[in-house]
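> Got a structure for you, written out below as structure tokens; questions coming shortly.
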There are 4 protein chains.
Amino acid sequence: MARVLFKRGKKEFVKELNREITISKQRFYYVLNTEQDFITEEGSIDKKELKKKDGSVIKTNKNKEFTIFSADFIDNYKKIGRKAQIITPKDIGIIITETGINNKSKVVDAGTGSGALACYLAHICKEVTSYDIRDDAIDIAKKNKEFLNIKNLKIKKKDIFKGIDEKELDLIVLDMPNPWNAIKSCEKSLRIGGYLVIYVPTILQVSDFVNEIKKYDSFVYLKTIELIERKWKIDGRIARPNSEAIGHTGFLSFVRRI
Amino acid sequence: MARVLFKRGKKEFVKELNREITISKQRFYYVLNTEQDFITEEGSIDKKELKKKDGSVIKTNKNKEFTIFSADFIDNYKKIGRKAQIITPKDIGIIITETGINNKSKVVDAGTGSGALACYLAHICKEVTSYDIRDDAIDIAKKNKEFLNIKNLKIKKKDIFKGIDEKELDLIVLDMPNPWNAIKSCEKSLRIGGYLVIYVPTILQVSDFVNEIKKYDSFVYLKTIELIERKWKIDGRIARPNSEAIGHTGFLSFVRRI
Amino acid sequence: MARVLFKRGKKEFVKELNREITISKQRFYYVLNTEQDFITEEGSIDKKELKKKDGSVIKTNKNKEFTIFSADFIDNYKKIGRKAQIITPKDIGIIITETGINNKSKVVDAGTGSGALACYLAHICKEVTSYDIRDDAIDIAKKNKEFLNIKNLKIKKKDIFKGIDEKELDLIVLDMPNPWNAIKSCEKSLRIGGYLVIYVPTILQVSDFVNEIKKYDSFVYLKTIELIERKWKIDGRIARPNSEAIGHTGFLSFVRRI
Amino acid sequence: MARVLFKRGKKEFVKELNREITISKQRFYYVLNTEQDFITEEGSIDKKELKKKDGSVIKTNKNKEFTIFSADFIDNYKKIGRKAQIITPKDIGIIITETGINNKSKVVDAGTGSGALACYLAHICKEVTSYDIRDDAIDIAKKNKEFLNIKNLKIKKKDIFKGIDEKELDLIVLDMPNPWNAIKSCEKSLRIGGYLVIYVPTILQVSDFVNEIKKYDSFVYLKTIELIERKWKIDGRIARPNSEAIGHTGFLSFVRRI
């Protein structure tokens, strides 16, 4: 089982500058293999140390201290193969809280991509099935699923435009360039009251999807939103937004099956 | 069991204006009691109709059509007593996805407030315990818990500054004016690797909390963020952000127990 | 000449609540006519008082104190007839600073609308000409121009799609639903190196304009931006964004004539 | 006088990818010295060509085409020495439009820094005086003032906390870490109705300033805002915010002298 090492950062007060400067930043290290010594830039850690209990303080051969603990789902999740445009925690979060999915829910997602979203949903839901037509995407997704030891996720090589096998779904998430083509398949597979959510990068895709879904009596268009995440630097007397804001990820449109 | 009625909106093309105008907006109606007729501004619905199966189209006595379906968790959740500053779906969402909680997780939250957050977490997690010292808050929270038929939530009238009974928690969420006072209690109750998250409206509260938590070797300060949600109006050739953006809700600070 | 009255707000410390509460908010009053007494909700002010020098503290007949001073351009500008979708200070500001216009600049703007933008540009520039085809808009704009005592603004009832009389312009601003139709007129009237700026509420209008302007060798598309203004509440220990953020105004696209 | 060269970008349709790819991006080149040949990565341009009239298409010795035109204020302004935290066009813009300064206005700014703000204000206003105590800043500012050929800007090596020589000012802008120390000096130098604006990076600085200025009867605190600028990528069917949003610049607080 993977472990995580934490190295505390170090600041020093420099008289000439009359202020503290950061000597080294705090850092987390992900240790996948505890059967061999772990090398860091501050020395190596004996593999026996890597098995110590959570919260133990261990040292490298250069006497640098680390705290060790067991990797949890998020630690592992951050390690899976990341495609360029991976859907971020804030977006996954609001998909969950706008649709109320939980461990009783049955969900389909397409396209699979790296499987990141499918894996996260499987962590929350009862069953997830993910569709993609590209072999390379499916291969990566299967590896990630295995890496995260996920049991309730099925990955199918199938064109979702041709139909979804699963019925009475609570949620379908479409992360693809042309989701309007999948509306008919979704119509047949969502339970009444279930949700269809699309995630697209450009507003013209949103517009095309929304104008298309509004033609259906079997769907109600709810809303389109985007979430902007702003990180703040908080330290001593400093309290300001980071100079680099997180930019755009995607637009989320929510639709209900009625 | 509660039902939801959906009434489709109506647009009409007006020759003089050379465009469509909205006659009536689409609307959802929440029907708590299916043992009596339901009155809408477009006529009343016979109670027998309220029991029809999901997806049925039913009519009022004025012949207005509605679609009926069963209320799900989110439909019910939107109905619980809302305090002024209730934590919104986007914020609950990112608390979930930054900490990886799921149906194996044990969570504490304080103060209970209306219990909205505690109820939502109970929907996702294994066990939730919520602390508050105010009788009125606890009363409302218990009513809401009952209304949502939640079984895995304990509400305790207790001052969290005096200690948290639960141990080895995966997550503690503090939604209170002065969370820095609860750090010691949280220290003893979080599992190593577990998360402490605070939600506060002003940046000075963030600053005070962060400067305090940085003094602890048993905690690692991760980050502070705020999420800004922007709703878009998408209709025909219109694609623009709503004139009223969603304003500020609160800042979220994430800390890890090591 | 118009004057401005300022009434300071009042707070009182309430023992039972153990905090200050706001009895009355601070307020500015715009006094157009100094030849008659001015009535406020706290009494009336004798007209002789209205002529006192800037900074004088004067009283109503109920002994309420006000400070009086002369209205400046912004005080007067805030009073002009405001159409629904008036371009705001932040947007006018960046039009100025991205194009470098000043009191040597010759500018055209269309459609005139209420004339608010044209009047502001005339305050900064050497000459402004504003085009509109609607009589009601032109009437309002002329009244506003007169009210603000602006001498260097010409308002023309003319269809800008048919051509712009002025040549060698430094800047043309288009605030209209279909600016792409004016590109040819702008081409003939901008000096080489001059700027064309459009201000539109929806992203599809931006998209149509940009895709059209990119066909012209005589223009270089620079960028499209939107400015989001966030107001903060700062008071004692409170420092947080206002609950109501300013929503969307419009998108600004910048183009250069080469 | 400086010139600007514009090189159009180039796209090519690639059959294998079935789409256009960008071979080279469009670019502007700033030519300071027209007395010598200008070297680009696409060949060199004979100095005689550099004097051709605005709008001329000229070629490098490798036959690459450029359009040439005279640099305007903004072209030159973009070239001045940029300090790390220079105040951006959006922020300068709203300072102008919230205070109504124009070519009749007398303005003071401190600290001078690189002089960028002082130079921009001098471009708009009648007279600007800028204060700083650091020799290196003053040197850079003087060079920039000279480069931009600005005549109506005075740069003074003086501590603004000790007093401002100019009186009856329309606007004072403070861009410094501790602006609350300058309030007394500003009080004596602003005309009644004039504006004091501060620009600071952190919210604690805003808070300290606002809480201090609220103690003065001679000032009215108006508001604190921040402007967030979002750039959009608009191209063909793509319409989305850029992946990298412009992050935080600073907070602006506006105060009026009464």
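In the structure tokens, chains take letters A, B, ... by order of appearance, with residues numbered from 1 within each chain and ligands from 1 in the order shown.
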Check every residue of chain A for an atom within 6 Å of chain B, counting only C-alpha atoms, and provide those that qualify as a compact mmCIF listing (two decimals) with all heavy atoms, in the first residue's frame.

```
# COMPACT_ATOMS: atom_id res chain seq x y z
N GLY A 55 1.96 8.66 11.10
CA GLY A 55 2.30 9.74 12.02
C GLY A 55 3.72 9.65 12.53
O GLY A 55 4.21 10.57 13.20
N ILE A 74 -7.54 10.21 -2.19
CA ILE A 74 -7.13 11.41 -2.91
C ILE A 74 -5.64 11.40 -3.25
O ILE A 74 -5.22 11.79 -4.33
CB ILE A 74 -7.49 12.69 -2.11
CG1 ILE A 74 -9.02 12.84 -2.02
CG2 ILE A 74 -6.89 13.93 -2.72
CD1 ILE A 74 -9.72 13.05 -3.34
N PRO A 89 -11.39 18.81 -9.43
CA PRO A 89 -12.20 18.57 -8.25
C PRO A 89 -13.40 19.50 -8.09
O PRO A 89 -14.48 19.04 -7.73
CB PRO A 89 -11.20 18.78 -7.09
CG PRO A 89 -9.91 18.33 -7.66
CD PRO A 89 -9.94 18.77 -9.11
N LYS A 90 -13.24 20.78 -8.36
CA LYS A 90 -14.37 21.68 -8.18
C LYS A 90 -15.53 21.29 -9.10
O LYS A 90 -16.70 21.36 -8.69
CB LYS A 90 -13.95 23.13 -8.43
CG LYS A 90 -13.52 23.43 -9.86
CD LYS A 90 -13.29 24.93 -10.04
CE LYS A 90 -12.54 25.24 -11.33
NZ LYS A 90 -13.23 24.81 -12.54
N GLY A 93 -17.01 17.99 -7.97
CA GLY A 93 -17.75 18.27 -6.74
C GLY A 93 -19.16 18.77 -6.99
O GLY A 93 -20.12 18.28 -6.41
N ILE A 94 -19.29 19.71 -7.91
CA ILE A 94 -20.62 20.26 -8.12
C ILE A 94 -21.49 19.31 -8.94
O ILE A 94 -22.72 19.34 -8.82
CB ILE A 94 -20.57 21.67 -8.72
CG1 ILE A 94 -21.88 22.40 -8.39
CG2 ILE A 94 -20.27 21.65 -10.21
CD1 ILE A 94 -21.91 23.84 -8.72
N THR A 97 -22.94 17.33 -6.07
CA THR A 97 -23.90 18.01 -5.18
C THR A 97 -25.10 18.60 -5.89
O THR A 97 -26.09 18.92 -5.25
CB THR A 97 -23.20 19.10 -4.36
OG1 THR A 97 -22.53 19.99 -5.24
CG2 THR A 97 -22.22 18.49 -3.37
N GLY A 100 -26.99 14.88 -6.35
CA GLY A 100 -27.26 14.08 -5.16
C GLY A 100 -26.85 12.62 -5.26
O GLY A 100 -27.34 11.77 -4.52
N ASN A 102 -24.99 9.18 -4.67
CA ASN A 102 -24.28 8.59 -3.53
C ASN A 102 -24.14 7.09 -3.74
O ASN A 102 -24.27 6.62 -4.89
CB ASN A 102 -24.95 8.95 -2.20
CG ASN A 102 -26.24 8.18 -1.96
OD1 ASN A 102 -26.77 7.55 -2.87
ND2 ASN A 102 -26.70 8.23 -0.73
N ILE A 124 -17.69 7.13 -5.22
CA ILE A 124 -18.87 7.66 -4.53
C ILE A 124 -20.10 6.76 -4.75
O ILE A 124 -20.90 6.55 -3.84
CB ILE A 124 -19.21 9.06 -5.05
CG1 ILE A 124 -18.11 10.06 -4.73
CG2 ILE A 124 -20.54 9.56 -4.51
CD1 ILE A 124 -18.17 10.67 -3.37
N ILE A 192 -36.69 8.45 -14.77
CA ILE A 192 -37.41 9.71 -14.70
C ILE A 192 -36.92 10.44 -13.44
O ILE A 192 -36.92 9.85 -12.35
CB ILE A 192 -38.94 9.49 -14.60
CG1 ILE A 192 -39.44 8.66 -15.78
CG2 ILE A 192 -39.66 10.83 -14.51
CD1 ILE A 192 -39.37 9.34 -17.11
N THR A 224 -26.74 26.36 -16.93
CA THR A 224 -25.34 26.21 -17.31
C THR A 224 -24.53 27.11 -16.39
O THR A 224 -24.87 28.27 -16.18
CB THR A 224 -25.10 26.66 -18.77
OG1 THR A 224 -25.79 25.78 -19.64
CG2 THR A 224 -23.62 26.64 -19.11
N ILE A 225 -23.46 26.54 -15.84
CA ILE A 225 -22.63 27.34 -14.95
C ILE A 225 -21.16 27.09 -15.27
O ILE A 225 -20.80 26.16 -15.96
CB ILE A 225 -22.84 26.97 -13.47
CG1 ILE A 225 -22.43 25.51 -13.24
CG2 ILE A 225 -24.26 27.24 -13.03
CD1 ILE A 225 -22.31 25.15 -11.79
N GLU A 226 -20.33 27.98 -14.75
CA GLU A 226 -18.91 27.70 -14.70
C GLU A 226 -18.42 28.07 -13.31
O GLU A 226 -18.96 28.99 -12.68
CB GLU A 226 -18.14 28.48 -15.78
CG GLU A 226 -18.36 29.96 -15.75
CD GLU A 226 -17.39 30.75 -16.60
OE1 GLU A 226 -16.25 30.29 -16.85
OE2 GLU A 226 -17.76 31.86 -16.98
N LEU A 227 -17.46 27.30 -12.83
CA LEU A 227 -16.89 27.57 -11.52
C LEU A 227 -15.49 28.12 -11.71
O LEU A 227 -14.68 27.54 -12.42
CB LEU A 227 -16.80 26.29 -10.69
CG LEU A 227 -18.10 25.70 -10.16
CD1 LEU A 227 -17.78 24.48 -9.31
CD2 LEU A 227 -18.88 26.72 -9.35
N ILE A 228 -15.24 29.24 -11.08
CA ILE A 228 -13.91 29.82 -11.11
C ILE A 228 -13.31 29.64 -9.72
O ILE A 228 -13.92 30.03 -8.72
CB ILE A 228 -14.00 31.32 -11.47
CG1 ILE A 228 -14.65 31.47 -12.85
CG2 ILE A 228 -12.62 31.96 -11.46
CD1 ILE A 228 -15.14 32.87 -13.17
N GLU A 229 -12.14 29.04 -9.68
CA GLU A 229 -11.50 28.78 -8.39
C GLU A 229 -10.36 29.75 -8.20
O GLU A 229 -9.48 29.88 -9.05
CB GLU A 229 -10.98 27.35 -8.36
CG GLU A 229 -10.24 27.01 -7.07
CD GLU A 229 -9.81 25.55 -7.03
OE1 GLU A 229 -10.44 24.73 -7.70
OE2 GLU A 229 -8.83 25.26 -6.32
N ARG A 230 -10.36 30.40 -7.07
CA ARG A 230 -9.33 31.38 -6.79
C ARG A 230 -8.58 30.95 -5.55
O ARG A 230 -9.18 30.76 -4.48
CB ARG A 230 -10.02 32.69 -6.49
CG ARG A 230 -9.52 33.80 -7.31
CD ARG A 230 -10.22 34.98 -6.95
NE ARG A 230 -9.45 36.11 -7.45
CZ ARG A 230 -9.55 37.32 -6.99
NH1 ARG A 230 -10.37 37.56 -6.01
NH2 ARG A 230 -8.83 38.27 -7.49
N LYS A 231 -7.29 30.81 -5.69
CA LYS A 231 -6.47 30.40 -4.56
C LYS A 231 -5.93 31.66 -3.90
O LYS A 231 -5.60 32.64 -4.58
CB LYS A 231 -5.33 29.52 -5.09
CG LYS A 231 -4.70 28.62 -4.06
CD LYS A 231 -3.90 27.51 -4.75
CE LYS A 231 -2.93 26.86 -3.77
NZ LYS A 231 -2.20 25.75 -4.37
N TRP A 232 -5.86 31.65 -2.59
CA TRP A 232 -5.36 32.81 -1.85
C TRP A 232 -4.03 32.48 -1.18
O TRP A 232 -3.82 31.37 -0.70
CB TRP A 232 -6.37 33.20 -0.76
CG TRP A 232 -7.51 34.01 -1.30
CD1 TRP A 232 -8.52 33.57 -2.11
CD2 TRP A 232 -7.74 35.40 -1.09
NE1 TRP A 232 -9.37 34.60 -2.41
CE2 TRP A 232 -8.93 35.75 -1.79
CE3 TRP A 232 -7.08 36.40 -0.36
CZ2 TRP A 232 -9.45 37.03 -1.79
CZ3 TRP A 232 -7.62 37.69 -0.37
CH2 TRP A 232 -8.78 37.99 -1.08
N ILE A 258 -37.55 13.95 -17.50
CA ILE A 258 -38.90 13.97 -16.88
C ILE A 258 -39.89 13.14 -17.70
O ILE A 258 -39.60 12.71 -18.80
CB ILE A 258 -39.44 15.41 -16.77
CG1 ILE A 258 -39.49 16.07 -18.16
CG2 ILE A 258 -38.58 16.24 -15.82
CD1 ILE A 258 -40.44 17.21 -18.24
```
> Let's see if you can do this: from backbone DSSP, list all strand (DSSP E) residues in segment 20-184 of chain C, as a PyMOL selection string.
chain C and resi 20-24+27-31+38-40+43-45+56-59+65-70+106-110+127-132+153-157+169-174
> Can you write just those residues out, C-alpha atoms, as a compact mmCIF listing (two decimals), in the first residue's frame?

```txt
# COMPACT_ATOMS: atom_id res chain seq x y z
CA GLU C 20 -22.47 48.93 16.98
CA ILE C 21 -25.48 49.10 14.73
CA THR C 22 -26.02 51.45 11.83
CA ILE C 23 -28.71 54.03 12.64
CA SER C 24 -28.45 55.76 9.28
CA ARG C 27 -25.50 59.57 1.76
CA PHE C 28 -24.72 61.95 -1.02
CA TYR C 29 -27.41 64.31 -2.37
CA TYR C 30 -27.23 65.98 -5.74
CA VAL C 31 -28.54 69.52 -5.74
CA PHE C 38 -33.55 71.81 -0.81
CA ILE C 39 -35.78 69.26 0.96
CA THR C 40 -34.28 66.16 2.57
CA GLY C 43 -35.43 68.74 7.11
CA SER C 44 -35.04 71.46 4.51
CA ILE C 45 -31.98 73.56 3.71
CA SER C 56 -18.82 74.23 4.54
CA VAL C 57 -20.94 72.43 7.10
CA ILE C 58 -24.56 73.56 6.78
CA LYS C 59 -27.72 72.57 8.64
CA GLU C 65 -25.60 68.60 9.48
CA PHE C 66 -24.45 68.26 5.89
CA THR C 67 -21.21 69.12 4.15
CA ILE C 68 -21.59 70.95 0.85
CA PHE C 69 -19.28 71.11 -2.16
CA SER C 70 -19.40 71.71 -5.88
CA LYS C 106 -10.51 62.19 -32.49
CA VAL C 107 -13.11 59.56 -31.77
CA VAL C 108 -16.38 58.22 -33.22
CA ASP C 109 -18.89 56.15 -31.28
CA ALA C 110 -22.07 54.38 -32.42
CA GLU C 127 -13.43 65.68 -30.68
CA VAL C 128 -16.15 63.05 -30.51
CA THR C 129 -18.82 62.34 -33.12
CA SER C 130 -21.63 59.96 -32.26
CA TYR C 131 -23.93 58.21 -34.71
CA ASP C 132 -27.41 56.80 -34.21
CA LEU C 153 -19.39 66.32 -29.15
CA LYS C 154 -21.36 66.13 -32.40
CA ILE C 155 -24.37 63.85 -32.54
CA LYS C 156 -25.41 62.79 -36.03
CA LYS C 157 -28.59 61.09 -37.12
CA LEU C 169 -9.81 58.70 -36.38
CA ASP C 170 -7.82 57.46 -33.40
CA LEU C 171 -10.65 55.29 -32.09
CA ILE C 172 -14.07 54.02 -33.10
CA VAL C 173 -16.26 52.39 -30.42
CA LEU C 174 -19.25 50.31 -31.53
```
> Please measure the separation of atom CA of Lys145 of chain B and atom CA of His248 of chain B, giving the value in Å to one decimal.
27.0 Å
> Could you pull out the alpha helix (DSSP H) residues of segment 3-149 of chain D from DSSP and send them as a PyMOL selection string?
chain D and resi 73-77+89-99+116-124+135-147
> Give me, as number ranges by chain, all polymer residues having an atom no more than 9 Å from Cys186 of chain C, counting only C-alpha atoms and skipping those fewer than 4 positions away in the same chain.
C: 160-161, 163-164, 172, 182, 190, 196, 257
> Just how far from atom CA of Asn178 of chain B is atom CA of Asp135 of chain B, in Å to one decimal?
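Between atom CA of Asp135 of chain B and atom CA of Asn178 of chain B the gap is 19.2 Å.
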